[in-house]
$ cat entry_17.cif   # mmCIF, C-alpha atoms and all ligand atoms; chains and numbers go by the auth columns
data_coords
#
loop_
_atom_site.group_PDB
_atom_site.id
_atom_site.type_symbol
_atom_site.label_atom_id
_atom_site.label_comp_id
_atom_site.label_asym_id
_atom_site.label_seq_id
_atom_site.Cartn_x
_atom_site.Cartn_y
_atom_site.Cartn_z
_atom_site.B_iso_or_equiv
_atom_site.auth_seq_id
_atom_site.auth_asym_id
ATOM 1 C CA MET A 1 81.630 270.774 69.971 0.00 178 A
ATOM 2 C CA ALA A 2 83.889 273.821 70.509 0.00 179 A
ATOM 3 C CA LYS A 3 80.905 275.708 71.813 0.00 180 A
ATOM 4 C CA ILE A 4 80.054 272.922 74.215 0.00 181 A
ATOM 5 C CA ILE A 5 83.601 272.685 75.507 0.00 182 A
ATOM 6 C CA ARG A 6 83.869 276.482 75.849 0.00 183 A
ATOM 7 C CA SER A 7 80.671 276.411 77.864 0.00 184 A
ATOM 8 C CA LEU A 8 82.109 273.717 80.101 0.00 185 A
ATOM 9 C CA ARG A 9 85.261 275.700 80.664 0.00 186 A
ATOM 10 C CA ALA A 10 83.308 278.787 81.588 0.00 187 A
ATOM 11 C CA LYS A 11 81.877 276.853 84.481 0.00 188 A
ATOM 12 C CA LYS A 12 85.336 275.917 85.713 0.00 189 A
ATOM 13 C CA SER A 13 85.994 276.796 89.345 0.00 190 A
ATOM 14 C CA GLY A 14 87.736 275.567 92.451 0.00 191 A
ATOM 15 C CA VAL A 15 85.424 272.908 93.698 0.00 192 A
ATOM 16 C CA PRO A 16 82.282 273.543 91.665 0.00 193 A
ATOM 17 C CA SER A 17 79.220 271.407 91.389 0.00 194 A
ATOM 18 C CA VAL A 18 78.258 269.718 88.126 0.00 195 A
ATOM 19 C CA PRO A 19 74.769 270.744 86.978 0.00 196 A
ATOM 20 C CA LYS A 20 72.818 267.955 85.234 0.00 197 A
ATOM 21 C CA LYS A 21 72.756 269.827 81.909 0.00 198 A
ATOM 22 C CA VAL A 22 76.517 270.292 81.962 0.00 199 A
ATOM 23 C CA ALA A 23 77.028 266.674 82.960 0.00 200 A
ATOM 24 C CA LYS A 24 75.033 265.453 79.951 0.00 201 A
ATOM 25 C CA LYS A 25 77.013 267.694 77.609 0.00 202 A
ATOM 26 C CA ALA A 26 80.308 266.530 79.096 0.00 203 A
ATOM 27 C CA ILE A 27 79.430 262.908 78.447 0.00 204 A
ATOM 28 C CA LYS A 28 78.405 263.763 74.884 0.00 205 A
ATOM 29 C CA ALA A 29 81.628 265.684 74.343 0.00 206 A
ATOM 30 C CA THR A 30 83.744 262.760 75.472 0.00 207 A
ATOM 31 C CA SER A 31 82.352 260.217 73.039 0.00 208 A
ATOM 32 C CA LYS A 32 82.416 259.778 69.294 0.00 209 A
ATOM 33 C CA PRO A 33 78.782 259.545 68.240 0.00 210 A
ATOM 34 C CA ALA A 34 79.450 257.596 65.050 0.00 211 A
ATOM 35 C CA ALA A 35 81.071 254.578 66.639 0.00 212 A
ATOM 36 C CA LYS A 36 77.950 252.752 67.766 0.00 213 A
ATOM 37 C CA LYS A 37 79.664 249.765 69.316 0.00 214 A
ATOM 38 C CA SER A 38 82.571 251.645 70.880 0.00 215 A
ATOM 39 C CA LEU A 39 80.571 254.280 72.759 0.00 216 A
ATOM 40 C CA LYS A 40 81.506 252.514 75.945 0.00 217 A
ATOM 41 C CA PRO A 41 85.266 252.534 76.424 0.00 218 A
ATOM 42 C CA LYS A 42 86.981 249.309 77.334 0.00 219 A
ATOM 43 C CA PRO A 43 87.182 249.259 81.146 0.00 220 A
ATOM 44 C CA TRP A 44 90.604 249.723 82.681 0.00 221 A
ATOM 45 C CA THR A 45 92.265 246.653 84.093 0.00 222 A
ATOM 46 C CA PRO A 46 93.331 246.778 87.763 0.00 223 A
ATOM 47 C CA ALA A 47 96.967 246.753 86.596 0.00 224 A
ATOM 48 C CA GLU A 48 96.355 249.798 84.390 0.00 225 A
ATOM 49 C CA VAL A 49 94.676 251.702 87.214 0.00 226 A
ATOM 50 C CA TYR A 50 97.552 250.837 89.525 0.00 227 A
ATOM 51 C CA GLU A 51 100.033 252.017 86.932 0.00 228 A
ATOM 52 C CA ALA A 52 98.219 255.334 86.397 0.00 229 A
ATOM 53 C CA PHE A 53 98.068 256.196 90.085 0.00 230 A
ATOM 54 C CA SER A 54 101.654 255.063 90.626 0.00 231 A
ATOM 55 C CA ARG A 55 102.662 257.623 88.022 0.00 232 A
ATOM 56 C CA PHE A 56 100.564 260.358 89.674 0.00 233 A
ATOM 57 C CA ARG A 57 102.158 259.485 93.019 0.00 234 A
ATOM 58 C CA LYS A 58 105.675 259.498 91.627 0.00 235 A
ATOM 59 C CA ALA A 59 105.141 262.887 89.987 0.00 236 A
ATOM 60 C CA ASN A 60 103.508 264.463 93.038 0.00 237 A
ATOM 61 C CA PRO A 61 103.774 262.350 96.221 0.00 238 A
ATOM 62 C CA GLU A 62 101.956 264.823 98.505 0.00 239 A
ATOM 63 C CA PRO A 63 99.385 266.703 96.424 0.00 240 A
ATOM 64 C CA LYS A 64 97.712 269.599 98.180 0.00 241 A
ATOM 65 C CA GLY A 65 94.369 271.264 97.654 0.00 242 A
ATOM 66 C CA GLU A 66 94.530 274.879 96.591 0.00 243 A
ATOM 67 C CA LEU A 67 91.879 276.264 98.945 0.00 244 A
ATOM 68 C CA GLU A 68 93.602 278.048 101.822 0.00 245 A
ATOM 69 C CA HIS A 69 92.376 277.188 105.314 0.00 246 A
ATOM 70 C CA LEU A 70 93.568 277.072 108.909 0.00 247 A
ATOM 71 C CA ASN A 71 91.507 274.273 110.440 0.00 248 A
ATOM 72 C CA PRO A 72 88.537 271.995 109.584 0.00 249 A
ATOM 73 C CA TYR A 73 86.086 274.862 110.172 0.00 250 A
ATOM 74 C CA THR A 74 87.807 277.293 107.798 0.00 251 A
ATOM 75 C CA LEU A 75 88.157 274.478 105.264 0.00 252 A
ATOM 76 C CA LEU A 76 84.413 273.876 105.461 0.00 253 A
ATOM 77 C CA VAL A 77 83.692 277.588 105.008 0.00 254 A
ATOM 78 C CA ALA A 78 86.149 277.851 102.102 0.00 255 A
ATOM 79 C CA VAL A 79 84.544 274.897 100.314 0.00 256 A
ATOM 80 C CA VAL A 80 81.057 276.355 100.807 0.00 257 A
ATOM 81 C CA LEU A 81 82.295 279.655 99.370 0.00 258 A
ATOM 82 C CA SER A 82 83.965 277.946 96.417 0.00 259 A
ATOM 83 C CA ALA A 83 80.753 276.852 94.684 0.00 260 A
ATOM 84 C CA GLN A 84 80.850 278.417 91.225 0.00 261 A
ATOM 85 C CA ALA A 85 83.975 280.395 92.120 0.00 262 A
ATOM 86 C CA THR A 86 87.688 279.867 91.625 0.00 263 A
ATOM 87 C CA ASP A 87 90.007 278.807 94.441 0.00 264 A
ATOM 88 C CA ALA A 88 92.114 281.899 93.802 0.00 265 A
ATOM 89 C CA GLY A 89 89.064 284.148 94.145 0.00 266 A
ATOM 90 C CA VAL A 90 87.983 282.429 97.355 0.00 267 A
ATOM 91 C CA ASN A 91 91.511 282.585 98.822 0.00 268 A
ATOM 92 C CA LYS A 92 91.714 286.293 98.162 0.00 269 A
ATOM 93 C CA ALA A 93 88.581 286.901 100.233 0.00 270 A
ATOM 94 C CA THR A 94 89.170 284.339 102.976 0.00 271 A
ATOM 95 C CA ARG A 95 92.716 285.457 103.774 0.00 272 A
ATOM 96 C CA THR A 96 91.327 288.561 105.472 0.00 273 A
ATOM 97 C CA LEU A 97 88.121 286.891 106.683 0.00 274 A
ATOM 98 C CA PHE A 98 89.891 283.998 108.426 0.00 275 A
ATOM 99 C CA ALA A 99 92.384 286.402 110.009 0.00 276 A
ATOM 100 C CA VAL A 100 89.498 287.751 112.088 0.00 277 A
ATOM 101 C CA ALA A 101 87.157 284.739 112.188 0.00 278 A
ATOM 102 C CA ASP A 102 88.594 281.225 112.219 0.00 279 A
ATOM 103 C CA THR A 103 85.971 279.633 114.491 0.00 280 A
ATOM 104 C CA PRO A 104 82.161 279.486 114.361 0.00 281 A
ATOM 105 C CA GLU A 105 82.001 281.665 117.480 0.00 282 A
ATOM 106 C CA LYS A 106 84.130 284.425 115.972 0.00 283 A
ATOM 107 C CA MET A 107 82.156 284.217 112.715 0.00 284 A
ATOM 108 C CA LEU A 108 78.901 284.792 114.598 0.00 285 A
ATOM 109 C CA GLU A 109 80.472 287.657 116.462 0.00 286 A
ATOM 110 C CA LEU A 110 81.426 289.213 113.148 0.00 287 A
ATOM 111 C CA GLY A 111 77.849 288.940 111.885 0.00 288 A
ATOM 112 C CA GLU A 112 76.308 288.390 108.466 0.00 289 A
ATOM 113 C CA GLU A 113 76.679 291.959 107.258 0.00 290 A
ATOM 114 C CA LYS A 114 80.430 292.055 107.852 0.00 291 A
ATOM 115 C CA VAL A 115 80.922 288.544 106.430 0.00 292 A
ATOM 116 C CA ARG A 116 79.161 289.811 103.318 0.00 293 A
ATOM 117 C CA GLU A 117 81.643 292.682 103.072 0.00 294 A
ATOM 118 C CA TYR A 118 84.624 290.313 103.290 0.00 295 A
ATOM 119 C CA ILE A 119 83.339 287.979 100.602 0.00 296 A
ATOM 120 C CA LYS A 120 81.607 290.414 98.236 0.00 297 A
ATOM 121 C CA THR A 121 84.102 289.633 95.441 0.00 298 A
ATOM 122 C CA ILE A 122 82.839 286.028 95.308 0.00 299 A
ATOM 123 C CA GLY A 123 79.810 285.074 93.216 0.00 300 A
ATOM 124 C CA LEU A 124 76.520 284.525 95.082 0.00 301 A
ATOM 125 C CA TYR A 125 78.084 286.200 98.116 0.00 302 A
ATOM 126 C CA ARG A 126 74.823 287.260 99.745 0.00 303 A
ATOM 127 C CA ASN A 127 73.504 283.732 99.927 0.00 304 A
ATOM 128 C CA LYS A 128 76.909 282.372 100.874 0.00 305 A
ATOM 129 C CA ALA A 129 77.245 284.846 103.771 0.00 306 A
ATOM 130 C CA LYS A 130 73.853 283.716 104.999 0.00 307 A
ATOM 131 C CA ASN A 131 74.957 280.073 104.817 0.00 308 A
ATOM 132 C CA VAL A 132 78.255 280.739 106.603 0.00 309 A
ATOM 133 C CA ILE A 133 76.388 282.311 109.521 0.00 310 A
ATOM 134 C CA ALA A 134 73.709 279.588 109.552 0.00 311 A
ATOM 135 C CA LEU A 135 76.214 276.743 109.444 0.00 312 A
ATOM 136 C CA SER A 136 78.249 278.376 112.226 0.00 313 A
ATOM 137 C CA GLU A 137 75.120 278.596 114.373 0.00 314 A
ATOM 138 C CA LYS A 138 74.336 274.963 113.694 0.00 315 A
ATOM 139 C CA LEU A 139 77.879 273.817 114.467 0.00 316 A
ATOM 140 C CA ILE A 140 77.674 275.518 117.850 0.00 317 A
ATOM 141 C CA ALA A 141 74.118 274.387 118.627 0.00 318 A
ATOM 142 C CA GLU A 142 74.444 270.762 117.531 0.00 319 A
ATOM 143 C CA PHE A 143 78.106 269.789 117.210 0.00 320 A
ATOM 144 C CA GLY A 144 79.895 271.568 120.056 0.00 321 A
ATOM 145 C CA GLY A 145 81.440 274.062 117.644 0.00 322 A
ATOM 146 C CA GLU A 146 83.341 271.309 115.786 0.00 323 A
ATOM 147 C CA VAL A 147 82.978 270.151 112.198 0.00 324 A
ATOM 148 C CA PRO A 148 81.349 266.700 112.396 0.00 325 A
ATOM 149 C CA ARG A 149 83.120 263.649 111.036 0.00 326 A
ATOM 150 C CA THR A 150 80.380 261.966 109.055 0.00 327 A
ATOM 151 C CA ARG A 151 79.077 262.759 105.598 0.00 328 A
ATOM 152 C CA ALA A 152 75.463 262.614 106.738 0.00 329 A
ATOM 153 C CA GLU A 153 76.086 265.183 109.478 0.00 330 A
ATOM 154 C CA ILE A 154 78.087 267.551 107.284 0.00 331 A
ATOM 155 C CA GLU A 155 75.359 267.376 104.646 0.00 332 A
ATOM 156 C CA THR A 156 72.867 268.797 107.159 0.00 333 A
ATOM 157 C CA LEU A 157 74.834 272.071 107.334 0.00 334 A
ATOM 158 C CA PRO A 158 73.497 275.008 105.287 0.00 335 A
ATOM 159 C CA GLY A 159 75.351 275.328 101.970 0.00 336 A
ATOM 160 C CA ALA A 160 77.092 271.956 102.307 0.00 337 A
ATOM 161 C CA GLY A 161 76.287 269.035 100.009 0.00 338 A
ATOM 162 C CA ARG A 162 77.874 265.673 99.309 0.00 339 A
ATOM 163 C CA LYS A 163 80.848 267.162 97.484 0.00 340 A
ATOM 164 C CA THR A 164 81.600 269.581 100.325 0.00 341 A
ATOM 165 C CA ALA A 165 81.344 266.737 102.812 0.00 342 A
ATOM 166 C CA ASN A 166 83.724 264.586 100.761 0.00 343 A
ATOM 167 C CA VAL A 167 86.318 267.365 100.499 0.00 344 A
ATOM 168 C CA VAL A 168 86.175 268.096 104.234 0.00 345 A
ATOM 169 C CA LEU A 169 86.297 264.419 105.239 0.00 346 A
ATOM 170 C CA ASN A 170 89.269 263.837 102.952 0.00 347 A
ATOM 171 C CA MET A 171 91.321 266.952 103.645 0.00 348 A
ATOM 172 C CA ALA A 172 90.518 267.548 107.301 0.00 349 A
ATOM 173 C CA TYR A 173 90.091 263.995 108.556 0.00 350 A
ATOM 174 C CA GLY A 174 92.020 261.834 106.073 0.00 351 A
ATOM 175 C CA GLU A 175 89.006 259.792 104.967 0.00 352 A
ATOM 176 C CA HIS A 176 89.192 257.959 101.633 0.00 353 A
ATOM 177 C CA THR A 177 86.413 259.991 100.026 0.00 354 A
ATOM 178 C CA MET A 178 86.212 261.100 96.400 0.00 355 A
ATOM 179 C CA ALA A 179 84.789 264.570 95.815 0.00 356 A
ATOM 180 C CA VAL A 180 83.688 264.924 92.214 0.00 357 A
ATOM 181 C CA ASP A 181 83.943 268.445 90.874 0.00 358 A
ATOM 182 C CA THR A 182 83.830 269.483 87.235 0.00 359 A
ATOM 183 C CA HIS A 183 87.470 268.411 86.680 0.00 360 A
ATOM 184 C CA VAL A 184 87.148 264.991 88.280 0.00 361 A
ATOM 185 C CA PHE A 185 83.892 264.447 86.404 0.00 362 A
ATOM 186 C CA ARG A 186 85.534 265.233 83.082 0.00 363 A
ATOM 187 C CA VAL A 187 88.654 263.146 83.761 0.00 364 A
ATOM 188 C CA GLY A 188 86.621 260.185 85.027 0.00 365 A
ATOM 189 C CA ASN A 189 84.559 260.184 81.842 0.00 366 A
ATOM 190 C CA ARG A 190 87.185 261.066 79.253 0.00 367 A
ATOM 191 C CA THR A 191 89.776 258.594 80.423 0.00 368 A
ATOM 192 C CA GLY A 192 87.166 255.876 80.809 0.00 369 A
ATOM 193 C CA LEU A 193 88.351 255.298 84.382 0.00 370 A
ATOM 194 C CA ALA A 194 84.845 255.768 85.780 0.00 371 A
ATOM 195 C CA PRO A 195 82.280 256.797 83.186 0.00 372 A
ATOM 196 C CA GLY A 196 79.044 258.157 84.610 0.00 373 A
ATOM 197 C CA ASN A 197 76.117 260.412 83.845 0.00 374 A
ATOM 198 C CA THR A 198 76.154 262.071 87.253 0.00 375 A
ATOM 199 C CA PRO A 199 78.848 263.105 89.746 0.00 376 A
ATOM 200 C CA LEU A 200 77.607 260.387 92.094 0.00 377 A
ATOM 201 C CA GLU A 201 78.051 257.693 89.439 0.00 378 A
ATOM 202 C CA VAL A 202 81.596 258.894 88.755 0.00 379 A
ATOM 203 C CA GLU A 203 82.340 259.089 92.489 0.00 380 A
ATOM 204 C CA LEU A 204 81.183 255.529 93.121 0.00 381 A
ATOM 205 C CA GLY A 205 82.945 254.295 89.982 0.00 382 A
ATOM 206 C CA LEU A 206 86.257 255.846 91.040 0.00 383 A
ATOM 207 C CA GLU A 207 85.931 254.473 94.570 0.00 384 A
ATOM 208 C CA LYS A 208 85.403 251.046 93.079 0.00 385 A
ATOM 209 C CA VAL A 209 88.435 251.001 90.784 0.00 386 A
ATOM 210 C CA ILE A 210 91.074 252.986 92.698 0.00 387 A
ATOM 211 C CA PRO A 211 93.120 250.857 95.103 0.00 388 A
ATOM 212 C CA SER A 212 92.860 251.922 98.734 0.00 389 A
ATOM 213 C CA GLU A 213 96.549 252.838 98.957 0.00 390 A
ATOM 214 C CA PHE A 214 95.914 255.728 96.536 0.00 391 A
ATOM 215 C CA MET A 215 92.578 256.929 97.861 0.00 392 A
ATOM 216 C CA LEU A 216 93.878 259.517 100.316 0.00 393 A
ATOM 217 C CA HIS A 217 95.354 261.587 97.484 0.00 394 A
ATOM 218 C CA ALA A 218 93.353 260.358 94.475 0.00 395 A
ATOM 219 C CA HIS A 219 90.916 263.266 94.665 0.00 396 A
ATOM 220 C CA HIS A 220 93.715 265.836 94.415 0.00 397 A
ATOM 221 C CA TRP A 221 95.619 263.988 91.715 0.00 398 A
ATOM 222 C CA LEU A 222 92.510 263.892 89.540 0.00 399 A
ATOM 223 C CA ILE A 223 91.571 267.526 90.199 0.00 400 A
ATOM 224 C CA LEU A 224 95.088 268.717 89.413 0.00 401 A
ATOM 225 C CA HIS A 225 95.192 266.496 86.337 0.00 402 A
ATOM 226 C CA GLY A 226 91.947 268.030 85.081 0.00 403 A
ATOM 227 C CA ARG A 227 92.929 271.567 85.988 0.00 404 A
ATOM 228 C CA TYR A 228 96.411 271.598 84.485 0.00 405 A
ATOM 229 C CA THR A 229 96.670 268.768 81.953 0.00 406 A
ATOM 230 C CA CYS A 230 93.348 267.302 80.857 0.00 407 A
ATOM 231 C CA LEU A 231 91.904 270.747 80.225 0.00 408 A
ATOM 232 C CA ALA A 232 88.279 271.017 79.167 0.00 409 A
ATOM 233 C CA ARG A 233 88.849 272.884 75.912 0.00 410 A
ATOM 234 C CA LYS A 234 92.308 271.780 74.888 0.00 411 A
ATOM 235 C CA PRO A 235 93.661 268.781 76.773 0.00 412 A
ATOM 236 C CA ARG A 236 97.455 268.629 76.841 0.00 413 A
ATOM 237 C CA CYS A 237 97.657 264.996 75.784 0.00 414 A
ATOM 238 C CA GLU A 238 101.234 265.340 74.597 0.00 415 A
ATOM 239 C CA VAL A 239 102.474 265.917 78.161 0.00 416 A
ATOM 240 C CA CYS A 240 99.891 263.730 79.892 0.00 417 A
ATOM 241 C CA LEU A 241 101.321 261.131 82.259 0.00 418 A
ATOM 242 C CA ILE A 242 98.658 258.602 81.377 0.00 419 A
ATOM 243 C CA ASN A 243 98.196 259.243 77.654 0.00 420 A
ATOM 244 C CA ASP A 244 98.991 255.616 76.777 0.00 421 A
ATOM 245 C CA LEU A 245 96.278 254.384 79.165 0.00 422 A
ATOM 246 C CA CYS A 246 93.579 256.976 78.457 0.00 423 A
ATOM 247 C CA ARG A 247 90.567 255.675 76.517 0.00 424 A
ATOM 248 C CA TRP A 248 89.384 258.978 75.056 0.00 425 A
ATOM 249 C CA PRO A 249 88.982 258.490 71.297 0.00 426 A
ATOM 250 C CA GLU A 250 89.839 262.132 70.686 0.00 427 A
ATOM 251 C CA LYS A 251 93.117 262.217 72.597 0.00 428 A
ATOM 252 C CA THR A 252 95.797 263.840 70.466 0.00 429 A
ATOM 253 C CA VAL A 253 98.613 261.329 70.968 0.00 430 A
HETATM 254 S S1 LIG B . 95.484 261.650 77.081 0.00 501 B
HETATM 255 FE FE1 LIG B . 94.514 263.643 76.822 0.00 501 B
HETATM 256 S S2 LIG B . 92.330 263.241 77.118 0.00 501 B
HETATM 257 FE FE2 LIG B . 93.445 261.503 77.978 0.00 501 B
HETATM 258 S S3 LIG B . 93.726 261.980 80.147 0.00 501 B
HETATM 259 FE FE3 LIG B . 95.526 262.663 79.080 0.00 501 B
HETATM 260 S S4 LIG B . 95.118 264.828 78.629 0.00 501 B
HETATM 261 FE FE4 LIG B . 93.170 263.872 79.109 0.00 501 B
#
$ encode --input "entry_17.cif" --output "structure tokens" --more "lines below"
Ligand code: SF4
Amino acid sequence: MAKIIRSLRAKKSGVPSVPKKVAKKAIKATSKPAAKKSLKPKPWTPAEVYEAFSRFRKANPEPKGELEHLNPYTLLVAVVLSAQATDAGVNKATRTLFAVADTPEKMLELGEEKVREYIKTIGLYRNKAKNVIALSEKLIAEFGGEVPRTRAEIETLPGAGRKTANVVLNMAYGEHTMAVDTHVFRVGNRTGLAPGNTPLEVELGLEKVIPSEFMLHAHHWLILHGRYTCLARKPRCEVCLINDLCRWPEKTV
């Protein structure tokens, strides 16, 4: 188990994707194999969900994402760069990059080679530089240089998938989307709020149970909860705001 959890933690990053193999292990690590009948946690009642998100809201009324950006375009680029990288690592590179290129036009002017130089401290930087240039070209050619406002359109951009689209729609345009990264995936499963074998299952499950009034910030509350409290290797159950509601059989309180 420790090995599995260590492996999960090693994959921790800002807004990372959840590979299928990791997803399966995460589910396994959140259940007690012996308890045949109790493998499925008792679903949360609407009152419990409301209570949990009321507590998150009270503790942090205006949660913010940790990826630095200046506008929807730089947010999109930052999210694309954050795959399998930490927010801190991405911010370090984008601070200087965005100072010279905060629009698709300026990014194209800079060129792939120079973008590569700016982001060379980030994993997979060669491919990411290619994607940043390609998505900038596409934004100019097909969307008037603006980041589109639908998930389907954002998903057509090089390097951008469903999770990227959900982050951009939520943070740039205030849509009630739920981006499921490794933290949200773990919290959704462990707590029993929205168990699922894939990020999409967890996303749809969370959208179904979380009341609309919390959906604008729910994504950030869950990410921050997973990043700072419900840690992969050693969850801090003793200081957890929702430890009385959490369904994880291995919680320590
Ligand atoms: S009680 Fe523990 S396992 Fe449950 S959500 Fe809180 S930190 Fe995570």
$ resolve_selection --input "entry_17.cif" --expression "the PyMOL selection byres (((chain A and resi 335-343) around 8) and not hetatm)" --output "list in words"
Ser194, Leu253, Val256, Val257, Lys305, Asn308, Val309, Ala311, Leu312, Thr327, Arg328, Ile331, Glu332, Thr333, Leu334, Val344, Val345, Leu346, Asn347, Thr354, Met355, Ala356, Val357 and Asp358 of chain A
$ residues_around --input "entry_17.cif" --residues "Leu287 (chain A)" --least-positions-apart "2" --cutoff "12 Å" --atoms "only C-alpha atoms" --output "CSV table (one decimal) with C-alpha atoms, in the frame of the given file"
chain,number,residue,atom,x,y,z
A,274,LEU,CA,88.1,286.9,106.7
A,275,PHE,CA,89.9,284.0,108.4
A,276,ALA,CA,92.4,286.4,110.0
A,277,VAL,CA,89.5,287.8,112.1
A,278,ALA,CA,87.2,284.7,112.2
A,279,ASP,CA,88.6,281.2,112.2
A,280,THR,CA,86.0,279.6,114.5
A,281,PRO,CA,82.2,279.5,114.4
A,282,GLU,CA,82.0,281.7,117.5
A,283,LYS,CA,84.1,284.4,116.0
A,284,MET,CA,82.2,284.2,112.7
A,285,LEU,CA,78.9,284.8,114.6
A,289,GLU,CA,76.3,288.4,108.5
A,290,GLU,CA,76.7,292.0,107.3
A,291,LYS,CA,80.4,292.1,107.9
A,292,VAL,CA,80.9,288.5,106.4
A,293,ARG,CA,79.2,289.8,103.3
A,294,GLU,CA,81.6,292.7,103.1
A,295,TYR,CA,84.6,290.3,103.3
A,306,ALA,CA,77.2,284.8,103.8
A,309,VAL,CA,78.3,280.7,106.6
A,310,ILE,CA,76.4,282.3,109.5
A,313,SER,CA,78.2,278.4,112.2
$ resolve_selection --input "entry_17.cif" --expression "the PyMOL selection byres (((chain A and resi 382) around 12) and not hetatm)" --output "PyMOL selection string"
chain A and resi 220-221+355-357+361-362+365-366+369-381+383-388
$ residues_near_ligand --input "entry_17.cif" --ligand "ligand LIG 501 (chain B)" --cutoff "6 Å" --atoms "all atoms listed in the file" --output "ChimeraX atom specification"
/A:367-368,406-407,412-414,417,419-420,423,425,428
$ resolve_selection --input "entry_17.cif" --expression "the PyMOL selection byres (((chain A and resi 231-245) around 10) and not hetatm)" --output "ChimeraX atom specification"
/A:191-192,225-230,246-248,251-252,255-256,259,263-269,271-272,275,344,348,391,393-402,418-419
$ atom_distance --input "entry_17.cif" --atom1 "CA of Val324 (chain A)" --atom2 "CA of Glu352 (chain A)"
14.0 Å
$ decode --input "entry_17.cif" --residues "region 264-279 of chain A" --atoms "N, CA and C atoms" --output "PDB file, in the first residue's frame"
ATOM      1  N   ASP A 264       2.525  23.494 -10.213  1.00  0.00           N
ATOM      2  CA  ASP A 264       2.141  24.884 -10.473  1.00  0.00           C
ATOM      3  C   ASP A 264       3.330  25.800 -10.235  1.00  0.00           C
ATOM      4  N   ALA A 265       4.072  25.529  -9.166  1.00  0.00           N
ATOM      5  CA  ALA A 265       5.219  26.387  -8.837  1.00  0.00           C
ATOM      6  C   ALA A 265       6.241  26.362  -9.974  1.00  0.00           C
ATOM      7  N   GLY A 266       6.487  25.182 -10.520  1.00  0.00           N
ATOM      8  CA  GLY A 266       7.448  25.060 -11.620  1.00  0.00           C
ATOM      9  C   GLY A 266       6.969  25.795 -12.859  1.00  0.00           C
ATOM     10  N   VAL A 267       5.677  25.681 -13.141  1.00  0.00           N
ATOM     11  CA  VAL A 267       5.106  26.367 -14.311  1.00  0.00           C
ATOM     12  C   VAL A 267       5.179  27.885 -14.096  1.00  0.00           C
ATOM     13  N   ASN A 268       4.800  28.343 -12.901  1.00  0.00           N
ATOM     14  CA  ASN A 268       4.805  29.784 -12.620  1.00  0.00           C
ATOM     15  C   ASN A 268       6.191  30.395 -12.800  1.00  0.00           C
ATOM     16  N   LYS A 269       7.188  29.643 -12.386  1.00  0.00           N
ATOM     17  CA  LYS A 269       8.557  30.139 -12.477  1.00  0.00           C
ATOM     18  C   LYS A 269       8.927  30.426 -13.948  1.00  0.00           C
ATOM     19  N   ALA A 270       8.492  29.540 -14.824  1.00  0.00           N
ATOM     20  CA  ALA A 270       8.810  29.707 -16.249  1.00  0.00           C
ATOM     21  C   ALA A 270       7.901  30.747 -16.911  1.00  0.00           C
ATOM     22  N   THR A 271       6.620  30.733 -16.549  1.00  0.00           N
ATOM     23  CA  THR A 271       5.687  31.612 -17.279  1.00  0.00           C
ATOM     24  C   THR A 271       5.796  33.083 -16.859  1.00  0.00           C
ATOM     25  N   ARG A 272       6.324  33.339 -15.670  1.00  0.00           N
ATOM     26  CA  ARG A 272       6.471  34.734 -15.256  1.00  0.00           C
ATOM     27  C   ARG A 272       7.279  35.516 -16.300  1.00  0.00           C
ATOM     28  N   THR A 273       8.356  34.927 -16.769  1.00  0.00           N
ATOM     29  CA  THR A 273       9.175  35.650 -17.767  1.00  0.00           C
ATOM     30  C   THR A 273       8.583  35.488 -19.166  1.00  0.00           C
ATOM     31  N   LEU A 274       7.996  34.323 -19.434  1.00  0.00           N
ATOM     32  CA  LEU A 274       7.398  34.111 -20.769  1.00  0.00           C
ATOM     33  C   LEU A 274       6.236  35.072 -21.006  1.00  0.00           C
ATOM     34  N   PHE A 275       5.317  35.155 -20.035  1.00  0.00           N
ATOM     35  CA  PHE A 275       4.130  35.998 -20.223  1.00  0.00           C
ATOM     36  C   PHE A 275       4.478  37.491 -20.212  1.00  0.00           C
ATOM     37  N   ALA A 276       5.626  37.840 -19.639  1.00  0.00           N
ATOM     38  CA  ALA A 276       6.034  39.246 -19.653  1.00  0.00           C
ATOM     39  C   ALA A 276       6.323  39.690 -21.090  1.00  0.00           C
ATOM     40  N   VAL A 277       6.716  38.748 -21.937  1.00  0.00           N
ATOM     41  CA  VAL A 277       6.997  39.124 -23.331  1.00  0.00           C
ATOM     42  C   VAL A 277       5.934  38.617 -24.303  1.00  0.00           C
ATOM     43  N   ALA A 278       5.127  37.643 -23.876  1.00  0.00           N
ATOM     44  CA  ALA A 278       4.125  37.088 -24.804  1.00  0.00           C
ATOM     45  C   ALA A 278       2.846  36.728 -24.042  1.00  0.00           C
ATOM     46  N   ASP A 279       1.901  37.662 -24.028  1.00  0.00           N
ATOM     47  CA  ASP A 279       0.640  37.389 -23.328  1.00  0.00           C
ATOM     48  C   ASP A 279      -0.553  37.308 -24.289  1.00  0.00           C
TER      49      ASP A 279
END
